[in-house]
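Undergrad: My structure is below; once you've seen it, I'll send some questions.
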Amino acid sequence: MNRKTLVLPAVIGLLAPALAACGGSGSGDGDDAIAVGTTDAFAISKEVPAPFDPAYAYDAGSWNVLRQTVQTLMALPRGDGEPQPEAAEQCGFTDTGNERYACTLRKGLKFSDGKPLTAADVKFSIERVRDIKLKDPSGSDGLVSNVEEIETEGDREVVFHLKTPDATFPYKLATPTAGIVSKDHYSKNKLRDGFEVSGSGPYTAEQEVKDDRLVKTVFTKNPEYKGQFKPQSDKIELRNFADTAAMGKALKDGDIDLMTRTMSPEQVKQLDASSDKNIDLVEMQGLEIRYLAFNTDAPTVKTKAVRQAMAQLVDRGAIASQVYGSTADPLFSLVPTTITGHANSFFNKYGNASTAKARQLLEKANISTPVKLTLHYTTDHYGPGTKKEFEILRKQLNDSGLFDVDIKGVPWSTFRAAERDGKYAVYGMGWFPDFPDADNFLAPFLDKDNFLGSPYVNRTINDQLIPTSRREADRLAASKSIRKIQDLVAEDVPILPLWQGKQYIAARDDITGVEWALNSASNLQLWELARGVSG
């Protein structure tokens with residue numbers, strides 16, 4: 001393997017990467033666990049009682065644990081592409097309207113405790129996520145809220161009846177939200193409190209906890225697993241670090257074998273230039289996006305012209321280059337550039353940053369200036385560059401003389417609940433897609449009961465364009481509706497896209513399967529990792 005390997009991006013849904021894994025493969029030594037570093041922080045609190053329950057978990061970090069342990073009917077194959085059967089032997093729409101979806105389970109499926117997994121468990125799991133009543137919902141239920149009824153026949157046949165046509169449903173069945181769990185460990189009406197998680201996936205999980213905070217998760221190969229994946233190592237440890245510096249030091253010192261989420265731009269730059277032949281840096285196409293979201297009912301940003309003026313002033317190129325360097329690119333739509341249906345709607349409407357044009361927008365709407373705002377961001381969820389990013393945003397807006405902006409950082413444990421409760425007028429968020437389709441960069445933000453809790457409603461989007469796009473099994477044919485949605489978002493600005501990120505893994509050179517260990521949606525696939533021969 002070269003010191004830096006560039007994995008060519010796939011054309012999502014059409015092509016798979018042609019790059020073969022470097023080094024050898026095979027089962028790792030059961031006692032020689034591969035150690036993976038992460039800066040994802042998990043703490044049990046009133047706001048986050050069950051970070052790894054499929055009915056609650058809805059962020060990339062939690063899903064990185066669930067994907068190893070909780071099996072789904074469908075799963076994205078190596079290199080992405082269309083979902084393939086996983087716990088299922090076969091699945092497919094049985095009607096022309098994409099409203100009836102049937103699956104046959106593999107024979108002999110079992111949970112990790114040895115008990116049989118049947119169609120009844122699938123029905124229980126999906127209905128549980130759809131129907132469970134949570135005081136502080138995370139929004140994950142939106143992935144299965146379109147399921148009207150689930151029928152079972154015998155132990156292996158499951159039929160989903162959807163309320164409305166949805167060609168993306170197979171992708172949703174590939175998400176941890178649709179993970180299959182056992183009634184013995186998960187209550188129908190209550191979350192599974194704490195960090196415990198169990199299922200029928202490639203690995204079982206055992207957590208090390210200190211002061212209600214997760215320190216380490218040990219994944220051990222599940223002997224009962226039957227599915228499309230072939231775990232290459234008997235044991236993998238996912239270790240949680242307080243910051244990127246501590247994680248980077250652990251990799252350099254040999255205390256961990258691999259690190260990815262979240263590496264700082266400075267670390268990527270240093271590793272790229274480093275002459276250390278024992279550590280390889282792998283770059284791959286990513287679908288992570290960052291954006292500003294608006295509570296469109298908040299008095300300060302309720303008038304569309306204020307949001308439009310901000311869109312007219314933001315210089316995305318400066319944010320990307322000054323904070324993230326080569327690890328990020330400016331983004332002019334909610335839909336990333338590599339996804340079918342992408343349109344540069346914000347650039348088409350606003351062009352380059354312009355104070356004069358922003359002033360005209362505010363004057364036309366009779367908005368007094370400077371407009372006083374506070375931009376909120378989370379201090380510990382999206383990496384160390386977030387604070388600098390918001391400092392630049394503040395400067396860009398204030399230098400125009402049209403805004404008087406302050407910024408405030410808040411820990412994720414309180415930030416997420418406050419955002420959903422509508423306490424912030426403007427706030428920064430990131431999005432790692434549930435699946436690589438344009439629908440998943442639009443509907444979660446714009447549909448009713450969206451995961452942001454946004455009050456913004458556009459009937460053309462909700463009643464016409466989203467349903468129309470979901471009827472199209474050919475996602476290229478859905479692009480017309482998808483582009484119209486992006487144009488309407490650029491007009492109304494309920495969300496202001498900022499940048500699209502690349503993703504990286506740094507690993508010691510005796511670890512193989514690295515280039516397959518992270519898919520385009522930033523989900524870890526730890527079953528791909530093995531320990532080979534260095535050099």
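Labeling convention for the structure tokens: chains A, B, ... as they appear, residues from 1 per chain, ligands from 1 in order of appearance.
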Would you kindly return, as a list in words, each protein, DNA or RNA residue with an atom no farther than 12 Å from any atom of Ala490 in chain A, considering only C-alpha atoms and excluding same-chain residues fewer than 5 positions away?
TA: Lys304, Ala305, Arg307, Gln308, Ala309, Met310, Ala311, Gln312, Phe332, Ser333, Leu334, Val335, Ala343, Asn344, Ser345, Phe346, Phe347, Asn348, Lys349, Tyr350, Gly351, Arg483, Lys484, Ile485, Ile495, Leu496 and Pro497 of chain A
Undergrad: Check the DSSP output for the backbone and give back, as a PDB file with all heavy atoms, in the first residue's frame, the residues of range 367-441 of chain A in strand (DSSP E or B).
TA:
ATOM      1  N   VAL A 371     -29.198  43.527  11.783  1.00  0.00           N
ATOM      2  CA  VAL A 371     -30.052  42.483  12.348  1.00  0.00           C
ATOM      3  C   VAL A 371     -29.248  41.747  13.411  1.00  0.00           C
ATOM      4  O   VAL A 371     -28.175  41.223  13.135  1.00  0.00           O
ATOM      5  CB  VAL A 371     -30.526  41.505  11.263  1.00  0.00           C
ATOM      6  CG1 VAL A 371     -31.381  40.400  11.886  1.00  0.00           C
ATOM      7  CG2 VAL A 371     -31.290  42.242  10.167  1.00  0.00           C
ATOM      8  N   LYS A 372     -29.775  41.721  14.623  1.00  0.00           N
ATOM      9  CA  LYS A 372     -29.059  41.090  15.731  1.00  0.00           C
ATOM     10  C   LYS A 372     -29.422  39.612  15.826  1.00  0.00           C
ATOM     11  O   LYS A 372     -30.604  39.255  15.907  1.00  0.00           O
ATOM     12  CB  LYS A 372     -29.393  41.797  17.041  1.00  0.00           C
ATOM     13  CG  LYS A 372     -28.527  41.390  18.226  1.00  0.00           C
ATOM     14  CD  LYS A 372     -28.835  42.247  19.439  1.00  0.00           C
ATOM     15  CE  LYS A 372     -27.987  41.851  20.645  1.00  0.00           C
ATOM     16  NZ  LYS A 372     -26.541  42.028  20.374  1.00  0.00           N
ATOM     17  N   LEU A 373     -28.394  38.740  15.796  1.00  0.00           N
ATOM     18  CA  LEU A 373     -28.594  37.293  15.818  1.00  0.00           C
ATOM     19  C   LEU A 373     -27.547  36.611  16.688  1.00  0.00           C
ATOM     20  O   LEU A 373     -26.437  37.125  16.846  1.00  0.00           O
ATOM     21  CB  LEU A 373     -28.470  36.698  14.407  1.00  0.00           C
ATOM     22  CG  LEU A 373     -29.533  37.004  13.351  1.00  0.00           C
ATOM     23  CD1 LEU A 373     -29.094  36.414  12.031  1.00  0.00           C
ATOM     24  CD2 LEU A 373     -30.876  36.423  13.777  1.00  0.00           C
ATOM     25  N   THR A 374     -27.900  35.436  17.198  1.00  0.00           N
ATOM     26  CA  THR A 374     -26.925  34.547  17.823  1.00  0.00           C
ATOM     27  C   THR A 374     -26.914  33.233  17.057  1.00  0.00           C
ATOM     28  O   THR A 374     -27.965  32.612  16.865  1.00  0.00           O
ATOM     29  CB  THR A 374     -27.270  34.269  19.295  1.00  0.00           C
ATOM     30  OG1 THR A 374     -27.232  35.489  20.030  1.00  0.00           O
ATOM     31  CG2 THR A 374     -26.259  33.296  19.908  1.00  0.00           C
ATOM     32  N   LEU A 375     -25.735  32.842  16.591  1.00  0.00           N
ATOM     33  CA  LEU A 375     -25.570  31.563  15.915  1.00  0.00           C
ATOM     34  C   LEU A 375     -25.082  30.540  16.932  1.00  0.00           C
ATOM     35  O   LEU A 375     -24.026  30.726  17.557  1.00  0.00           O
ATOM     36  CB  LEU A 375     -24.558  31.662  14.771  1.00  0.00           C
ATOM     37  CG  LEU A 375     -24.731  32.782  13.736  1.00  0.00           C
ATOM     38  CD1 LEU A 375     -23.705  32.621  12.622  1.00  0.00           C
ATOM     39  CD2 LEU A 375     -26.134  32.786  13.165  1.00  0.00           C
ATOM     40  N   HIS A 376     -25.823  29.474  17.120  1.00  0.00           N
ATOM     41  CA  HIS A 376     -25.430  28.423  18.052  1.00  0.00           C
ATOM     42  C   HIS A 376     -24.741  27.277  17.301  1.00  0.00           C
ATOM     43  O   HIS A 376     -25.126  26.936  16.182  1.00  0.00           O
ATOM     44  CB  HIS A 376     -26.654  27.882  18.789  1.00  0.00           C
ATOM     45  CG  HIS A 376     -27.187  28.796  19.840  1.00  0.00           C
ATOM     46  ND1 HIS A 376     -28.042  29.844  19.556  1.00  0.00           N
ATOM     47  CD2 HIS A 376     -26.982  28.838  21.187  1.00  0.00           C
ATOM     48  CE1 HIS A 376     -28.340  30.488  20.672  1.00  0.00           C
ATOM     49  NE2 HIS A 376     -27.714  29.896  21.676  1.00  0.00           N
ATOM     50  N   TYR A 377     -23.749  26.696  17.948  1.00  0.00           N
ATOM     51  CA  TYR A 377     -23.076  25.525  17.390  1.00  0.00           C
ATOM     52  C   TYR A 377     -22.725  24.570  18.524  1.00  0.00           C
ATOM     53  O   TYR A 377     -22.690  24.966  19.692  1.00  0.00           O
ATOM     54  CB  TYR A 377     -21.817  25.923  16.615  1.00  0.00           C
ATOM     55  CG  TYR A 377     -20.705  26.507  17.470  1.00  0.00           C
ATOM     56  CD1 TYR A 377     -19.699  25.696  17.986  1.00  0.00           C
ATOM     57  CD2 TYR A 377     -20.664  27.878  17.760  1.00  0.00           C
ATOM     58  CE1 TYR A 377     -18.684  26.230  18.773  1.00  0.00           C
ATOM     59  CE2 TYR A 377     -19.649  28.418  18.534  1.00  0.00           C
ATOM     60  CZ  TYR A 377     -18.662  27.587  19.040  1.00  0.00           C
ATOM     61  OH  TYR A 377     -17.664  28.104  19.819  1.00  0.00           O
ATOM     62  N   THR A 378     -22.489  23.306  18.173  1.00  0.00           N
ATOM     63  CA  THR A 378     -22.126  22.333  19.190  1.00  0.00           C
ATOM     64  C   THR A 378     -20.611  22.222  19.292  1.00  0.00           C
ATOM     65  O   THR A 378     -19.910  22.206  18.273  1.00  0.00           O
ATOM     66  CB  THR A 378     -22.741  20.956  18.903  1.00  0.00           C
ATOM     67  OG1 THR A 378     -22.330  20.027  19.910  1.00  0.00           O
ATOM     68  CG2 THR A 378     -22.348  20.431  17.540  1.00  0.00           C
ATOM     69  N   PHE A 403     -25.531  42.932   9.779  1.00  0.00           N
ATOM     70  CA  PHE A 403     -25.841  42.021  10.873  1.00  0.00           C
ATOM     71  C   PHE A 403     -24.964  42.335  12.074  1.00  0.00           C
ATOM     72  O   PHE A 403     -23.841  42.820  11.948  1.00  0.00           O
ATOM     73  CB  PHE A 403     -25.628  40.562  10.439  1.00  0.00           C
ATOM     74  CG  PHE A 403     -26.684  40.040   9.502  1.00  0.00           C
ATOM     75  CD1 PHE A 403     -26.559  40.225   8.118  1.00  0.00           C
ATOM     76  CD2 PHE A 403     -27.806  39.384   9.986  1.00  0.00           C
ATOM     77  CE1 PHE A 403     -27.526  39.754   7.247  1.00  0.00           C
ATOM     78  CE2 PHE A 403     -28.783  38.917   9.121  1.00  0.00           C
ATOM     79  CZ  PHE A 403     -28.647  39.094   7.754  1.00  0.00           C
ATOM     80  N   ASP A 404     -25.524  42.042  13.236  1.00  0.00           N
ATOM     81  CA  ASP A 404     -24.785  42.102  14.495  1.00  0.00           C
ATOM     82  C   ASP A 404     -24.886  40.712  15.104  1.00  0.00           C
ATOM     83  O   ASP A 404     -25.842  40.384  15.814  1.00  0.00           O
ATOM     84  CB  ASP A 404     -25.386  43.161  15.423  1.00  0.00           C
ATOM     85  CG  ASP A 404     -24.673  43.237  16.758  1.00  0.00           C
ATOM     86  OD1 ASP A 404     -23.624  42.581  16.914  1.00  0.00           O
ATOM     87  OD2 ASP A 404     -25.169  43.957  17.657  1.00  0.00           O
ATOM     88  N   VAL A 405     -23.888  39.878  14.808  1.00  0.00           N
ATOM     89  CA  VAL A 405     -23.961  38.450  15.119  1.00  0.00           C
ATOM     90  C   VAL A 405     -23.039  38.099  16.272  1.00  0.00           C
ATOM     91  O   VAL A 405     -21.879  38.528  16.324  1.00  0.00           O
ATOM     92  CB  VAL A 405     -23.585  37.611  13.875  1.00  0.00           C
ATOM     93  CG1 VAL A 405     -23.398  36.144  14.249  1.00  0.00           C
ATOM     94  CG2 VAL A 405     -24.659  37.750  12.812  1.00  0.00           C
ATOM     95  N   ASP A 406     -23.566  37.297  17.186  1.00  0.00           N
ATOM     96  CA  ASP A 406     -22.779  36.672  18.229  1.00  0.00           C
ATOM     97  C   ASP A 406     -22.830  35.170  17.990  1.00  0.00           C
ATOM     98  O   ASP A 406     -23.739  34.674  17.312  1.00  0.00           O
ATOM     99  CB  ASP A 406     -23.341  37.021  19.610  1.00  0.00           C
ATOM    100  CG  ASP A 406     -22.387  36.662  20.739  1.00  0.00           C
ATOM    101  OD1 ASP A 406     -21.221  36.328  20.439  1.00  0.00           O
ATOM    102  OD2 ASP A 406     -22.806  36.700  21.900  1.00  0.00           O
ATOM    103  N   ILE A 407     -21.850  34.432  18.524  1.00  0.00           N
ATOM    104  CA  ILE A 407     -21.868  32.974  18.400  1.00  0.00           C
ATOM    105  C   ILE A 407     -21.777  32.359  19.785  1.00  0.00           C
ATOM    106  O   ILE A 407     -21.206  32.940  20.716  1.00  0.00           O
ATOM    107  CB  ILE A 407     -20.719  32.452  17.508  1.00  0.00           C
ATOM    108  CG1 ILE A 407     -19.357  32.850  18.078  1.00  0.00           C
ATOM    109  CG2 ILE A 407     -20.888  32.950  16.079  1.00  0.00           C
ATOM    110  CD1 ILE A 407     -18.183  32.245  17.303  1.00  0.00           C
ATOM    111  N   LYS A 408     -22.361  31.166  19.937  1.00  0.00           N
ATOM    112  CA  LYS A 408     -22.349  30.502  21.239  1.00  0.00           C
ATOM    113  C   LYS A 408     -22.221  28.993  21.039  1.00  0.00           C
ATOM    114  O   LYS A 408     -23.016  28.381  20.328  1.00  0.00           O
ATOM    115  CB  LYS A 408     -23.624  30.819  22.017  1.00  0.00           C
ATOM    116  CG  LYS A 408     -23.617  30.256  23.438  1.00  0.00           C
ATOM    117  CD  LYS A 408     -24.841  30.704  24.220  1.00  0.00           C
ATOM    118  CE  LYS A 408     -24.780  30.167  25.648  1.00  0.00           C
ATOM    119  NZ  LYS A 408     -25.963  30.602  26.446  1.00  0.00           N
ATOM    120  N   GLY A 409     -21.203  28.397  21.661  1.00  0.00           N
ATOM    121  CA  GLY A 409     -20.991  26.957  21.603  1.00  0.00           C
ATOM    122  C   GLY A 409     -21.650  26.247  22.763  1.00  0.00           C
ATOM    123  O   GLY A 409     -21.605  26.716  23.904  1.00  0.00           O
ATOM    124  N   VAL A 410     -22.277  25.101  22.480  1.00  0.00           N
ATOM    125  CA  VAL A 410     -23.021  24.341  23.481  1.00  0.00           C
ATOM    126  C   VAL A 410     -22.682  22.861  23.327  1.00  0.00           C
ATOM    127  O   VAL A 410     -22.613  22.353  22.202  1.00  0.00           O
ATOM    128  CB  VAL A 410     -24.545  24.534  23.304  1.00  0.00           C
ATOM    129  CG1 VAL A 410     -25.321  23.773  24.370  1.00  0.00           C
ATOM    130  CG2 VAL A 410     -24.909  26.013  23.322  1.00  0.00           C
ATOM    131  N   VAL A 426     -30.997  30.335  14.898  1.00  0.00           N
ATOM    132  CA  VAL A 426     -30.076  29.864  13.858  1.00  0.00           C
ATOM    133  C   VAL A 426     -29.043  28.963  14.525  1.00  0.00           C
ATOM    134  O   VAL A 426     -28.490  29.312  15.573  1.00  0.00           O
ATOM    135  CB  VAL A 426     -29.342  31.025  13.164  1.00  0.00           C
ATOM    136  CG1 VAL A 426     -28.645  30.520  11.898  1.00  0.00           C
ATOM    137  CG2 VAL A 426     -30.281  32.167  12.838  1.00  0.00           C
ATOM    138  N   TYR A 427     -28.775  27.828  13.921  1.00  0.00           N
ATOM    139  CA  TYR A 427     -27.835  26.898  14.546  1.00  0.00           C
ATOM    140  C   TYR A 427     -27.161  26.042  13.473  1.00  0.00           C
ATOM    141  O   TYR A 427     -27.689  25.830  12.382  1.00  0.00           O
ATOM    142  CB  TYR A 427     -28.555  26.011  15.566  1.00  0.00           C
ATOM    143  CG  TYR A 427     -29.779  25.296  15.030  1.00  0.00           C
ATOM    144  CD1 TYR A 427     -29.711  23.988  14.577  1.00  0.00           C
ATOM    145  CD2 TYR A 427     -31.022  25.952  14.981  1.00  0.00           C
ATOM    146  CE1 TYR A 427     -30.832  23.343  14.092  1.00  0.00           C
ATOM    147  CE2 TYR A 427     -32.150  25.314  14.498  1.00  0.00           C
ATOM    148  CZ  TYR A 427     -32.049  24.005  14.058  1.00  0.00           C
ATOM    149  OH  TYR A 427     -33.161  23.366  13.559  1.00  0.00           O
ATOM    150  N   GLY A 428     -25.974  25.566  13.817  1.00  0.00           N
ATOM    151  CA  GLY A 428     -25.200  24.768  12.872  1.00  0.00           C
ATOM    152  C   GLY A 428     -25.375  23.291  13.110  1.00  0.00           C
ATOM    153  O   GLY A 428     -25.358  22.822  14.252  1.00  0.00           O
ATOM    154  N   MET A 429     -25.552  22.547  12.026  1.00  0.00           N
ATOM    155  CA  MET A 429     -25.720  21.098  12.112  1.00  0.00           C
ATOM    156  C   MET A 429     -24.918  20.423  11.008  1.00  0.00           C
ATOM    157  O   MET A 429     -24.506  21.049  10.028  1.00  0.00           O
ATOM    158  CB  MET A 429     -27.192  20.716  11.962  1.00  0.00           C
ATOM    159  CG  MET A 429     -28.072  21.123  13.132  1.00  0.00           C
ATOM    160  SD  MET A 429     -27.900  20.050  14.569  1.00  0.00           S
ATOM    161  CE  MET A 429     -28.829  18.609  14.034  1.00  0.00           C
ATOM    162  N   GLY A 430     -24.697  19.141  11.197  1.00  0.00           N
ATOM    163  CA  GLY A 430     -24.089  18.324  10.160  1.00  0.00           C
ATOM    164  C   GLY A 430     -25.020  17.180   9.817  1.00  0.00           C
ATOM    165  O   GLY A 430     -25.936  16.854  10.579  1.00  0.00           O
ATOM    166  N   TRP A 431     -24.799  16.583   8.673  1.00  0.00           N
ATOM    167  CA  TRP A 431     -25.653  15.465   8.251  1.00  0.00           C
ATOM    168  C   TRP A 431     -24.801  14.394   7.601  1.00  0.00           C
ATOM    169  O   TRP A 431     -24.057  14.659   6.654  1.00  0.00           O
ATOM    170  CB  TRP A 431     -26.722  15.948   7.282  1.00  0.00           C
ATOM    171  CG  TRP A 431     -27.675  14.891   6.786  1.00  0.00           C
ATOM    172  CD1 TRP A 431     -27.747  14.362   5.531  1.00  0.00           C
ATOM    173  CD2 TRP A 431     -28.710  14.249   7.539  1.00  0.00           C
ATOM    174  NE1 TRP A 431     -28.756  13.439   5.456  1.00  0.00           N
ATOM    175  CE2 TRP A 431     -29.372  13.350   6.681  1.00  0.00           C
ATOM    176  CE3 TRP A 431     -29.136  14.355   8.869  1.00  0.00           C
ATOM    177  CZ2 TRP A 431     -30.434  12.557   7.101  1.00  0.00           C
ATOM    178  CZ3 TRP A 431     -30.198  13.563   9.289  1.00  0.00           C
ATOM    179  CH2 TRP A 431     -30.838  12.678   8.410  1.00  0.00           C
TER     180      TRP A 431
END
Undergrad: Step one, run DSSP on the backbone; step two, keep only residues of range 202-419 of chain A assigned to alpha helix (DSSP H); then write them as a PyMOL selection string.
TA: chain A and resi 244-253+265-273+304-313+316-319+345-350+355-364+386-399+412-419
Undergrad: Residues of range 322-407 of chain A within 12 Å of range 277-285 of chain A: nearest atom pair and distance (Å, one decimal) for each, counting only C-alpha atoms, sorted by chain and number, as CSV?
TA:
residue,atom,partner,partner_atom,distance
A:Ser326,CA,A:Glu283,CA,10.8
A:Thr327,CA,A:Glu283,CA,9.2
A:Ala328,CA,A:Gln285,CA,10.6
A:Asp329,CA,A:Gln285,CA,11.5
A:Pro336,CA,A:Gln285,CA,10.8
A:Thr337,CA,A:Gln285,CA,10.7
A:Thr338,CA,A:Gln285,CA,8.7
A:Ile339,CA,A:Gln285,CA,11.3
Undergrad: Could you dump the residues just selected with C-alpha atoms as a tab-separated table (two decimals), in the first residue's frame?
TA:
chain	number	residue	atom	x	y	z
A	326	SER	CA	-8.43	20.20	1.10
A	327	THR	CA	-10.80	18.17	3.29
A	328	ALA	CA	-13.95	20.12	2.31
A	329	ASP	CA	-15.55	21.71	-0.74
A	336	PRO	CA	-24.03	16.69	-2.40
A	337	THR	CA	-22.33	16.97	-5.76
A	338	THR	CA	-21.84	13.22	-6.22
A	339	ILE	CA	-25.50	12.30	-5.70
Undergrad: Which neighbours of Ser454 in chain A fall inside 9 Å, counting only C-alpha atoms, when residues of the same chain fewer than 5 positions from it are skipped, and could you give them as an MDAnalysis selection string?
TA: chainID A and resid 293:297 420 422 445:446 448:449 494
Undergrad: Would you export the selected residues with N, CA, C and O atoms as a JSON list (two decimals), in the first residue's frame, please?
TA:
[["chain", "number", "residue", "atom", "x", "y", "z"],
["A", 293, "ALA", "N", -29.24, 25.89, 10.05],
["A", 293, "ALA", "CA", -30.68, 25.65, 10.05],
["A", 293, "ALA", "C", -31.37, 26.82, 10.76],
["A", 293, "ALA", "O", -30.80, 27.42, 11.67],
["A", 294, "PHE", "N", -32.58, 27.11, 10.32],
["A", 294, "PHE", "CA", -33.33, 28.24, 10.87],
["A", 294, "PHE", "C", -34.63, 27.76, 11.51],
["A", 294, "PHE", "O", -35.32, 26.90, 10.96],
["A", 295, "ASN", "N", -34.93, 28.31, 12.67],
["A", 295, "ASN", "CA", -36.27, 28.18, 13.23],
["A", 295, "ASN", "C", -37.10, 29.29, 12.59],
["A", 295, "ASN", "O", -37.06, 30.44, 13.02],
["A", 296, "THR", "N", -37.82, 28.94, 11.55],
["A", 296, "THR", "CA", -38.50, 29.96, 10.74],
["A", 296, "THR", "C", -39.66, 30.63, 11.47],
["A", 296, "THR", "O", -40.27, 31.56, 10.94],
["A", 297, "ASP", "N", -39.95, 30.19, 12.70],
["A", 297, "ASP", "CA", -40.94, 30.88, 13.52],
["A", 297, "ASP", "C", -40.29, 31.91, 14.45],
["A", 297, "ASP", "O", -41.00, 32.71, 15.07],
["A", 420, "ARG", "N", -34.20, 21.03, 18.96],
["A", 420, "ARG", "CA", -35.50, 20.43, 18.64],
["A", 420, "ARG", "C", -36.64, 21.15, 19.34],
["A", 420, "ARG", "O", -37.77, 21.17, 18.85],
["A", 422, "GLY", "N", -36.84, 24.27, 19.65],
["A", 422, "GLY", "CA", -37.02, 25.57, 19.04],
["A", 422, "GLY", "C", -36.38, 26.72, 19.80],
["A", 422, "GLY", "O", -36.78, 27.87, 19.63],
["A", 445, "PHE", "N", -35.25, 16.96, 6.29],
["A", 445, "PHE", "CA", -35.25, 18.36, 6.69],
["A", 445, "PHE", "C", -36.56, 19.07, 6.36],
["A", 445, "PHE", "O", -36.89, 20.09, 6.96],
["A", 446, "LEU", "N", -37.30, 18.55, 5.38],
["A", 446, "LEU", "CA", -38.42, 19.29, 4.81],
["A", 446, "LEU", "C", -39.77, 18.63, 5.01],
["A", 446, "LEU", "O", -40.81, 19.31, 4.99],
["A", 448, "LYS", "N", -42.94, 16.56, 6.82],
["A", 448, "LYS", "CA", -43.58, 16.75, 8.12],
["A", 448, "LYS", "C", -42.90, 15.84, 9.15],
["A", 448, "LYS", "O", -42.37, 14.79, 8.82],
["A", 449, "ASP", "N", -42.90, 16.27, 10.39],
["A", 449, "ASP", "CA", -42.22, 15.54, 11.47],
["A", 449, "ASP", "C", -40.75, 15.33, 11.15],
["A", 449, "ASP", "O", -40.17, 14.28, 11.45],
["A", 494, "PRO", "N", -34.88, 27.79, 4.41],
["A", 494, "PRO", "CA", -35.08, 27.26, 5.75],
["A", 494, "PRO", "C", -33.79, 26.63, 6.28],
["A", 494, "PRO", "O", -33.61, 26.44, 7.47]]
Undergrad: Within 6 Å of Thr217 in chain A, counting only C-alpha atoms, which residues show up once you throw out same-chain ones fewer than 6 positions away? Write them as a list in words, please.
TA: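 Non-adjacent residues within range: Glu206, Gln207, Glu237 and Leu238 of chain A.
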Undergrad: So, with only C-alpha atoms as the atoms that count, which of A:Ala60, A:Leu452, A:Leu498, A:Leu442 lies closest to Ile466 in chain A?
TA: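 Closest residue, counting only C-alpha atoms: A:Leu442.
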Undergrad: Restricting the calculation to only C-alpha atoms, which member of A:Thr152, A:Gln228, A:Ala473, A:Asp234 is positioned closest to Phe93 in chain A?
TA: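 Among the listed residues, the smallest separation from Phe93 in chain A belongs to A:Ala473.
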